[in-house]
Amino acid sequence: MADKIYSMIALLLVAWLTMLSTGAVAEEPGETLFKKNCAICHTLEAGKNKIGPSLAGVVGRKAGSVPGFAYSAANKNSGDIWDAQTLDTYLADPRKFMPGTKMVFAGLKTPEDRKALIEYLKEQH
């Protein structure tokens, strides 16, 4: 009986490790949203800007403050701090929230998507 239990545990462990190594573990919704909507222009690597600034540590950061990124005057001079509420409003409609922004993204229309993305961004340092 013990042999069967050990065999089952070993089989489950091998299956789990295989899933991890092949990327078969499901992403969290925020990560999926980031990859689909943000990753083309932004990175989560601190100090590495793309078309848009790095979003590493964005939650709690002052708008327009990533070194080496050429922000619009609207973003640099906004005085906004990217907390959850500000990000939620911005992500719903960036151009409405910040007229003059360079960001061409149309926005995330559902509150659930915005919340999931913001929670994911909170985890990125």
# chains A, B, ... in the order shown; residues from 1 in each chain; ligands from 1
>>> select_by_dssp(residues="chain A", states="alpha helix (DSSP H)", output="PyMOL selection string")
chain A and resi 2-22+29-37+73-76+84-92+94-97+111-122
>>> residues_around(residues="range 26-33 of chain A", least_positions_apart="6", cutoff="10 Å", atoms="only C-alpha atoms", output="PyMOL selection string")
chain A and resi 19-20+39+108+112-121
>>> residues_around(residues="range 92-102 of chain A", least_positions_apart="6", cutoff="12 Å", atoms="only C-alpha atoms", output="PyMOL selection string")
chain A and resi 41+51-53+63-64+69-80+85-86+108-115+117-118
>>> residues_around(residues="Leu55 in chain A", least_positions_apart="2", cutoff="7 Å", atoms="only C-alpha atoms", output="list in words")
His42, Thr43, Leu44, Pro53, Gly57 and Val58 of chain A
